[in-house]
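Participant: This is the structure I have questions about; it appears just below.
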Amino acid sequence: MNKQTTKLLLFSFLFVIFSTNILLGQEAILKGVITDEESAEPLIGATVRVGDAGTTTEYDGSYELKLTPGTHKILISFVGYADWEKEITINDSGATLDVNLSSGVLLDELIITTEKGEAKSIMEAIGTIEVVGSQLSSNTASPSVDDVLEKVPGVTIIDGQANIRGGSGYSYGAGSRVLLLINGIPALAGDAGNPSWNDIPMENIDQVEILKGAGSALYGSSALNGVINVKTAFAKSEPETEFSSFITYYMKPERDSVVWWRPQTQPHDFGASFAHRQKFGKLDMVLGSYFVQENGYRSGVHNRYIRGNANLRYRITDEFVIGLSSNFNTGSSEDFLYWKGRDSLAYHGEDGTDVATEMVRYIVDPYVNYRDGFGNRHRLQGRLYDVTNDNANNQSNSSQLYYGEYQFLRTFDGLGITTTAGLVGIKTDVQAELYSDTTFSSSNLSAYFQADKKFFEDTKRPLSLSFGARYENNVIKTPSEVEGFVIEEGRIQEGRPVFRFGANYTLFEHTSLRASWGQGYRFPTVAEKFIRTSAGLINIYPNPTLESETGWNAEFGIKQGFMIPGTSMKGLFDVSLFWTEYQDMMEFTFHLFEDDLKNTVLGFQSLNIGDTKIQGIDISLGGNGKLFDRGSVTFIGGYTFINPQFKDWDLVGADTMDFDKILTAPRGPVNAFLSSSENNILKYRFQHSFKFDIQFDLFGIIAGASINSLSNMEAVDQIFEDVLPGVREFREEHNNGVRFVDFRLGYQINENLKANFLLKNALNTESAVRPGIIDAPRNLTMRLDYKF
């Protein structure tokens with residue numbers, strides 16, 4: 001081979017390499033905006049993927065993706081929406097692709113309560129989740145979140161205490177096995193661990209998510225029985241301003257003999273709310289206020305408060321967001337613990353049981369979200385929750401709760417694993433006459449971790465596995481002696497790990513199977529250990545030796561999405577079987593014991609009552625769709641059966657309060673002699689519950705109805721039947737359960753103005769879900785909503 005040939009071959013080789021590099025190096029830009037098909041709102045965080053390359057949309061829904069010229073298959077997805085997939089050809093100058101995503105067969109819902117990390121479709125959850133949108137609360141004129149929760153299958157509210165699938169009874173305002181969250185942060189009072197539903201900004205709610213079953217592995221103590229997460233709304237692309245006002249009149253009860261008011265002084269409530277949401281460039285602003293005056297259908301009872309809230313969110317960049325949320329609530333109330341009697345005095349409180357309160361509560365939540373260059377997500381969030389209750393009868397209390405959390409999320413794309421880890425610190429300061437007129441402080445330090453792995457992701461039958469763990473260390477600092485009890489070094493401390501496992505398998509399109517097992521744990525609150533108070537005949541004593549309760553929940557469920565052919569009707573049907581057990585369950589219990597002066601007394605005290613178990617089935621159905629292309633229908637409902645029992649049942653002194661038998665009964669686990677029932681069933685539970693709510697919206701007319709049917713509450717504290725006037729007779733007369741039926745009718749007067757009329761307890765059912773407190777008679781609410 002001569003030199004000229006060698007040079008020609010070398011030149012040809014270099015030319016091919018150089019030309020190939022140029023061709024391979026050519027890039028074209030695919031860009032566009034992803035929006036919601038119905039609202040035209042930009043979708044933040046939607047995924048745009050071409051093979052192994054991909055990106056996510058920014059705060060305005062825009063995206064850019066570098067590709068080589070040619071034909072590519074584009075896949076665009078977003079949680080709660082139908083995937084969009086199409087082949088497009090891109091030339092050297094690039095292409096613009098704007099896409100409107102439509103909601104799929106699901107109800108367009110996101111969840112975060114089962115995952116502290118990224119939001120998931122409800123079909124992918126490993127636990128049972130219910131989601132309630134803001135529309136239901138406004139259409140039913142619900143003044144607070146607990147009123148909305150009453151419409152959720154498997155959830156009951158007894159005197160302000162949330163109960164999911166029979167996991168809780170009635171705890172007299174102290175302690176909760178259901179953790180209330182506002183935007184993912186605990187919102188239970190620092191001293192008593194109880195929710196204040198009036199603090200939640202109903203005027204700015206986006207949706208409410210309910211996790212049924214143990215959630216302690218991710219959320220810690222108080223999530224033993226479930227989690228309720230309230231998500232507040234953020235500003236959209238267009239400013240929104242809303243005003244609403246309502247007035248409620250209470251009608252005559254079923255029995256004329258209990259009416260205490262004159263026609264001209266008919267009991268009524270009224271209130272008004274305001275909300276404004278707007279974007280200013282990168283700044284989102286949400287403002288809200290609410291005022292209510294409940295004059296009360298029960299004599300001498302009232303509740304008046306005014307609430308204000310402000311939420312700010314600023315995007316320094318698409319990856320770096322800071323925010324500050326605040327809520328302020330102040331007012332006064334007066335109520336009583338139990339009635340004077342079942343006859344003409346049912347609407348009057350017994351002497352010495354009334355409590356007048358002046359309260360001030362505020363919440364401040366700063367947070368920072370940051371996504372680094374490696375795709376890791378960092379979140380730093382905090383909360384100050386200050387509660388001051390100035391009560392009469394030496395029952396005042398105040399607490400300050402300080403909460404801080406750092407959360408780290410990383411997705412390993414090559415492995416298909418998403419991990420979430422975090423550190424949490426909580427400190428509470430308590431000053432109270434109610435707790436032996438002294439001061440306490442408590443702290444909680446915890447760390448948590450969760451890993452999620454999805455298998456067969458590229459198939460139509462993916463399998464998701466989840467593992468979560470948490471370790472908590474709880475401390476209460478007290479005086480060295482409280483009410484005669486000596487507390488070693490003035491310190492109570494305990495640490496404990498909890499774990500959670502779960503799986504979700506897509507059996508068919510829109511059909512998923514799930515199974516989960518999770519542990520629960522609840523450390524006693526300051527109130528449960530140290531409260532000392534009385535109301536009428538009821539005396540409540542402290543129990544510094546009270547121990548924490550633990551438990552576990554296992555369930556198997558199936559969720560089926562559906563769409564009725566030929567219509568836009570779509571929804572979800574869910575069935576789950578569950579088994580829950582508690583060890584050393586805590587409940588306020590009437591029993592015999594020695595007080596601090598070594599006197600033998602009878603009274604209420606928070607006790608570890610023993611081990612319990614609850615099995616059952618939970619069925620729910622929800623959906624929506626269009627009617628005749630001019631209207632819509634929305635429905636939610638379900639049925640729940642529970643079998644709540646003591647694992648060790650010891651029948652002592654049931655039927656009547658046999659004090660001789662109690663005095664000679666062996667000490668140790670207490671149960672049956674505290675109950676009004678001879679049967680092995682936990683107190684304050686409804687074994688059967690059925691709920692259904694439906695609404696039609698056609699030609700501007702809004703019509704709806706709901707039913708809440710509860711079986712008889714078989715077991716209550718026996719002291720209520722033996723000592724409180726008329727309770728035994730009332731329960732014997734009303735032993736077939738209760739059914740509440742409501743109707744509503746409204747009209748969309750114009751684009752901005754809507755009027756609603758709501759008839760609640762339309763059958764005028766007389767009931768006392770919590771013994772000694774009569775429920776509201778038939779009442780009519782008129783509500784006006786103005787939006788622009």
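Each chain in the structure tokens gets a letter, A, B and so on, in the order shown; residues start at 1 in every chain, and ligands are counted from 1 in the order they appear.
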Excluding A:Ile90 and its own-chain neighbours fewer than 4 positions away, which residues fall within 9 Å of it when counting only C-alpha atoms? Please give them as a PyMOL selection string.
Facilitator: chain A and resi 28-30+67-72+94-95
Participant: For the residues selected in the previous step, produce a file with all heavy atoms as a PDB file, in the first residue's frame.
Facilitator:
ATOM      1  N   ALA A  28     -32.325  18.783  18.980  1.00  0.00           N
ATOM      2  CA  ALA A  28     -33.492  19.635  18.760  1.00  0.00           C
ATOM      3  C   ALA A  28     -34.240  19.763  20.087  1.00  0.00           C
ATOM      4  O   ALA A  28     -34.168  18.875  20.936  1.00  0.00           O
ATOM      5  CB  ALA A  28     -34.394  19.037  17.696  1.00  0.00           C
ATOM      6  N   ILE A  29     -34.950  20.854  20.279  1.00  0.00           N
ATOM      7  CA  ILE A  29     -35.655  21.124  21.529  1.00  0.00           C
ATOM      8  C   ILE A  29     -37.144  20.841  21.358  1.00  0.00           C
ATOM      9  O   ILE A  29     -37.807  21.430  20.483  1.00  0.00           O
ATOM     10  CB  ILE A  29     -35.451  22.587  21.974  1.00  0.00           C
ATOM     11  CG1 ILE A  29     -33.965  22.895  22.147  1.00  0.00           C
ATOM     12  CG2 ILE A  29     -36.211  22.840  23.275  1.00  0.00           C
ATOM     13  CD1 ILE A  29     -33.287  22.096  23.224  1.00  0.00           C
ATOM     14  N   LEU A  30     -37.652  19.934  22.186  1.00  0.00           N
ATOM     15  CA  LEU A  30     -39.100  19.721  22.295  1.00  0.00           C
ATOM     16  C   LEU A  30     -39.583  20.493  23.511  1.00  0.00           C
ATOM     17  O   LEU A  30     -39.079  20.314  24.625  1.00  0.00           O
ATOM     18  CB  LEU A  30     -39.416  18.237  22.460  1.00  0.00           C
ATOM     19  CG  LEU A  30     -40.891  17.896  22.706  1.00  0.00           C
ATOM     20  CD1 LEU A  30     -41.748  18.251  21.506  1.00  0.00           C
ATOM     21  CD2 LEU A  30     -41.046  16.419  23.076  1.00  0.00           C
ATOM     22  N   LEU A  67     -33.669  16.452  22.325  1.00  0.00           N
ATOM     23  CA  LEU A  67     -33.752  15.177  21.620  1.00  0.00           C
ATOM     24  C   LEU A  67     -33.023  15.281  20.287  1.00  0.00           C
ATOM     25  O   LEU A  67     -32.819  16.386  19.763  1.00  0.00           O
ATOM     26  CB  LEU A  67     -35.220  14.789  21.371  1.00  0.00           C
ATOM     27  CG  LEU A  67     -36.121  14.630  22.594  1.00  0.00           C
ATOM     28  CD1 LEU A  67     -37.567  14.493  22.161  1.00  0.00           C
ATOM     29  CD2 LEU A  67     -35.694  13.428  23.423  1.00  0.00           C
ATOM     30  N   THR A  68     -32.673  14.142  19.743  1.00  0.00           N
ATOM     31  CA  THR A  68     -32.115  14.137  18.391  1.00  0.00           C
ATOM     32  C   THR A  68     -33.263  14.216  17.395  1.00  0.00           C
ATOM     33  O   THR A  68     -34.364  13.703  17.646  1.00  0.00           O
ATOM     34  CB  THR A  68     -31.307  12.856  18.148  1.00  0.00           C
ATOM     35  OG1 THR A  68     -32.153  11.724  18.360  1.00  0.00           O
ATOM     36  CG2 THR A  68     -30.119  12.787  19.090  1.00  0.00           C
ATOM     37  N   PRO A  69     -33.053  14.857  16.225  1.00  0.00           N
ATOM     38  CA  PRO A  69     -34.127  14.917  15.216  1.00  0.00           C
ATOM     39  C   PRO A  69     -34.551  13.511  14.808  1.00  0.00           C
ATOM     40  O   PRO A  69     -33.747  12.579  14.764  1.00  0.00           O
ATOM     41  CB  PRO A  69     -33.462  15.668  14.057  1.00  0.00           C
ATOM     42  CG  PRO A  69     -32.369  16.469  14.694  1.00  0.00           C
ATOM     43  CD  PRO A  69     -31.849  15.614  15.811  1.00  0.00           C
ATOM     44  N   GLY A  70     -35.834  13.358  14.547  1.00  0.00           N
ATOM     45  CA  GLY A  70     -36.352  12.063  14.152  1.00  0.00           C
ATOM     46  C   GLY A  70     -37.720  11.811  14.750  1.00  0.00           C
ATOM     47  O   GLY A  70     -38.379  12.726  15.270  1.00  0.00           O
ATOM     48  N   THR A  71     -38.151  10.566  14.697  1.00  0.00           N
ATOM     49  CA  THR A  71     -39.459  10.179  15.203  1.00  0.00           C
ATOM     50  C   THR A  71     -39.309   9.574  16.601  1.00  0.00           C
ATOM     51  O   THR A  71     -38.469   8.684  16.796  1.00  0.00           O
ATOM     52  CB  THR A  71     -40.137   9.176  14.270  1.00  0.00           C
ATOM     53  OG1 THR A  71     -40.304   9.775  12.983  1.00  0.00           O
ATOM     54  CG2 THR A  71     -41.510   8.773  14.809  1.00  0.00           C
ATOM     55  N   HIS A  72     -40.109  10.063  17.536  1.00  0.00           N
ATOM     56  CA  HIS A  72     -40.019   9.607  18.924  1.00  0.00           C
ATOM     57  C   HIS A  72     -41.422   9.329  19.476  1.00  0.00           C
ATOM     58  O   HIS A  72     -42.394   9.970  19.068  1.00  0.00           O
ATOM     59  CB  HIS A  72     -39.343  10.661  19.813  1.00  0.00           C
ATOM     60  CG  HIS A  72     -37.954  11.010  19.401  1.00  0.00           C
ATOM     61  ND1 HIS A  72     -36.863  10.291  19.800  1.00  0.00           N
ATOM     62  CD2 HIS A  72     -37.485  12.008  18.595  1.00  0.00           C
ATOM     63  CE1 HIS A  72     -35.773  10.819  19.289  1.00  0.00           C
ATOM     64  NE2 HIS A  72     -36.122  11.875  18.547  1.00  0.00           N
ATOM     65  N   GLY A  94     -36.611  21.759  15.995  1.00  0.00           N
ATOM     66  CA  GLY A  94     -37.357  21.436  17.209  1.00  0.00           C
ATOM     67  C   GLY A  94     -38.856  21.414  16.976  1.00  0.00           C
ATOM     68  O   GLY A  94     -39.339  21.470  15.830  1.00  0.00           O
ATOM     69  N   ALA A  95     -39.609  21.329  18.063  1.00  0.00           N
ATOM     70  CA  ALA A  95     -41.070  21.264  17.961  1.00  0.00           C
ATOM     71  C   ALA A  95     -41.710  21.762  19.248  1.00  0.00           C
ATOM     72  O   ALA A  95     -41.086  21.739  20.321  1.00  0.00           O
ATOM     73  CB  ALA A  95     -41.525  19.833  17.666  1.00  0.00           C
TER      74      ALA A  95
END
Participant: Neighbouring residues of A:Gly160 were defined as those with any atom within 8 Å, considering only C-alpha atoms; residues of the same chain fewer than 2 positions away were excluded. Please report them as a ChimeraX atom specification.
Facilitator: /A:146,157-158,162,173,195,197
Participant: Within 10 Å of stretch 762-772 of chain A, counting only C-alpha atoms, which residues show up once you throw out same-chain ones fewer than 4 positions away? Write them as a PyMOL selection string, please.
Facilitator: chain A and resi 157-159+170+251-255+336-342+346-347+349-350+684+686+710+712-713+716-717+720-721+724-728+730-731+734+737-743+758+776-780
Participant: Might you pull out every residue within 8 Å of stretch 286-303 of chain A, with only C-alpha atoms counted and same-chain residues fewer than 6 positions away left off, and present them as a count of residues only?
Facilitator: 34
Participant: Neighbouring residues of A:Asp452 were defined as those with any atom within 8 Å, considering only C-alpha atoms; residues of the same chain fewer than 4 positions away were excluded. Please report them as a VMD selection string.
Facilitator: chain A and resid 417 to 419 464 to 467
Participant: Please compute the atom CA of A:Leu546-atom CA of A:Gln687 distance, one decimal, in Å.
Facilitator: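 About the pair atom CA of A:Leu546 and atom CA of A:Gln687: they are 28.4 Å apart.
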Participant: Let me make sure I understand: among A:Asn369, A:Phe556, A:Trp261, A:Asp386, which one has the smallest atom-to-atom distance to A:Ser196 if we use only C-alpha atoms?
Facilitator: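 Nearest to A:Ser196: A:Asp386.
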Participant: Per DSSP on the backbone, filter stretch 669-768 of chain A down to the residues in strand (DSSP E) and report them as a PyMOL selection string.
Facilitator: chain A and resi 688-698+701-710+738-748+753-760
Participant: Those residues with N, CA and C atoms, as a short mmCIF file (atom, residue, chain, number, x, y, z; two decimals), in the first residue's frame please?
Facilitator:
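Below you can see out14.cif, which holds the result:
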data_model
loop_
_atom_site.label_atom_id
_atom_site.label_comp_id
_atom_site.auth_asym_id
_atom_site.auth_seq_id
_atom_site.Cartn_x
_atom_site.Cartn_y
_atom_site.Cartn_z
N HIS A 688 -72.63 -1.76 63.44
CA HIS A 688 -73.05 -1.59 62.05
C HIS A 688 -73.22 -0.10 61.76
N SER A 689 -72.71 0.33 60.62
CA SER A 689 -72.97 1.70 60.18
C SER A 689 -73.09 1.72 58.66
N PHE A 690 -74.06 2.49 58.20
CA PHE A 690 -74.29 2.65 56.76
C PHE A 690 -74.43 4.14 56.46
N LYS A 691 -73.73 4.60 55.44
CA LYS A 691 -73.77 6.02 55.08
C LYS A 691 -73.86 6.15 53.57
N PHE A 692 -74.61 7.14 53.13
CA PHE A 692 -74.69 7.41 51.69
C PHE A 692 -75.09 8.86 51.47
N ASP A 693 -74.39 9.50 50.53
CA ASP A 693 -74.69 10.89 50.17
C ASP A 693 -74.66 10.99 48.66
N ILE A 694 -75.69 11.62 48.09
CA ILE A 694 -75.77 11.79 46.64
C ILE A 694 -76.24 13.20 46.33
N GLN A 695 -75.71 13.75 45.24
CA GLN A 695 -76.11 15.10 44.81
C GLN A 695 -76.25 15.15 43.30
N PHE A 696 -77.32 15.80 42.84
CA PHE A 696 -77.58 16.02 41.42
C PHE A 696 -77.48 17.52 41.15
N ASP A 697 -76.86 17.84 40.01
CA ASP A 697 -76.71 19.24 39.59
C ASP A 697 -77.16 19.30 38.14
N LEU A 698 -78.34 19.90 37.90
CA LEU A 698 -78.93 19.89 36.57
C LEU A 698 -79.63 21.21 36.30
N ILE A 701 -79.95 23.68 39.05
CA ILE A 701 -80.61 23.24 40.28
C ILE A 701 -79.75 22.17 40.95
N ILE A 702 -79.53 22.33 42.23
CA ILE A 702 -78.72 21.40 43.01
C ILE A 702 -79.62 20.70 44.01
N ALA A 703 -79.67 19.37 43.96
CA ALA A 703 -80.50 18.60 44.88
C ALA A 703 -79.69 17.44 45.42
N GLY A 704 -79.78 17.23 46.73
CA GLY A 704 -79.01 16.16 47.34
C GLY A 704 -79.68 15.58 48.56
N ALA A 705 -79.22 14.42 48.97
CA ALA A 705 -79.75 13.75 50.17
C ALA A 705 -78.65 12.90 50.77
N SER A 706 -78.75 12.67 52.07
CA SER A 706 -77.77 11.80 52.74
C SER A 706 -78.46 11.06 53.87
N ILE A 707 -77.92 9.89 54.19
CA ILE A 707 -78.41 9.10 55.30
C ILE A 707 -77.22 8.60 56.10
N ASN A 708 -77.35 8.60 57.40
CA ASN A 708 -76.34 8.08 58.31
C ASN A 708 -77.06 7.17 59.30
N SER A 709 -76.88 5.86 59.12
CA SER A 709 -77.59 4.88 59.93
C SER A 709 -76.59 4.15 60.82
N LEU A 710 -76.83 4.18 62.14
CA LEU A 710 -75.94 3.57 63.12
C LEU A 710 -76.72 2.57 63.96
N VAL A 738 -79.87 4.61 65.47
CA VAL A 738 -80.35 5.92 65.02
C VAL A 738 -80.14 6.05 63.52
N ARG A 739 -81.03 6.82 62.89
CA ARG A 739 -80.91 7.10 61.47
C ARG A 739 -81.15 8.60 61.27
N PHE A 740 -80.14 9.25 60.71
CA PHE A 740 -80.25 10.68 60.39
C PHE A 740 -80.37 10.83 58.88
N VAL A 741 -81.39 11.56 58.46
CA VAL A 741 -81.63 11.81 57.04
C VAL A 741 -81.61 13.31 56.80
N ASP A 742 -80.83 13.74 55.81
CA ASP A 742 -80.73 15.15 55.46
C ASP A 742 -81.10 15.35 54.00
N PHE A 743 -81.67 16.51 53.69
CA PHE A 743 -81.97 16.90 52.31
C PHE A 743 -81.39 18.28 52.05
N ARG A 744 -81.05 18.54 50.79
CA ARG A 744 -80.57 19.87 50.42
C ARG A 744 -81.06 20.22 49.02
N LEU A 745 -81.29 21.50 48.82
CA LEU A 745 -81.77 22.02 47.54
C LEU A 745 -81.14 23.38 47.32
N GLY A 746 -80.57 23.57 46.14
CA GLY A 746 -79.92 24.83 45.85
C GLY A 746 -80.15 25.26 44.42
N TYR A 747 -79.73 26.49 44.14
CA TYR A 747 -79.88 27.01 42.78
C TYR A 747 -78.70 27.92 42.46
N GLN A 748 -78.08 27.66 41.29
CA GLN A 748 -77.01 28.52 40.80
C GLN A 748 -77.66 29.71 40.10
N LEU A 753 -73.22 33.54 41.86
CA LEU A 753 -74.04 33.47 43.07
C LEU A 753 -74.80 32.16 43.15
N LYS A 754 -74.73 31.52 44.32
CA LYS A 754 -75.43 30.26 44.54
C LYS A 754 -76.15 30.30 45.89
N ALA A 755 -77.36 29.77 45.93
CA ALA A 755 -78.14 29.69 47.16
C ALA A 755 -78.43 28.24 47.49
N ASN A 756 -78.31 27.87 48.77
CA ASN A 756 -78.55 26.51 49.21
C ASN A 756 -79.48 26.49 50.41
N PHE A 757 -80.37 25.51 50.46
CA PHE A 757 -81.23 25.27 51.62
C PHE A 757 -81.01 23.82 52.06
N LEU A 758 -80.73 23.65 53.35
CA LEU A 758 -80.40 22.32 53.86
C LEU A 758 -81.29 21.98 55.05
N LEU A 759 -81.99 20.86 54.96
CA LEU A 759 -82.82 20.37 56.04
C LEU A 759 -82.10 19.18 56.68
N LYS A 760 -81.58 19.37 57.87
CA LYS A 760 -80.84 18.33 58.56
C LYS A 760 -81.71 17.66 59.61
#
Participant: Taking only C-alpha atoms into account, which of A:Lys151, A:Lys279, A:Arg371, A:Arg383 comes nearest A:Thr411?
Facilitator: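 Comparing A:Lys151, A:Lys279, A:Arg371, A:Arg383 against A:Thr411, the winner is A:Arg371.
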Participant: With only C-alpha atoms as the atoms that count, which of A:Leu181, A:Val48, A:Leu537, A:Leu218 lies nearest to A:Lys66?
Facilitator: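 Closest to A:Lys66 of all the choices is A:Val48.
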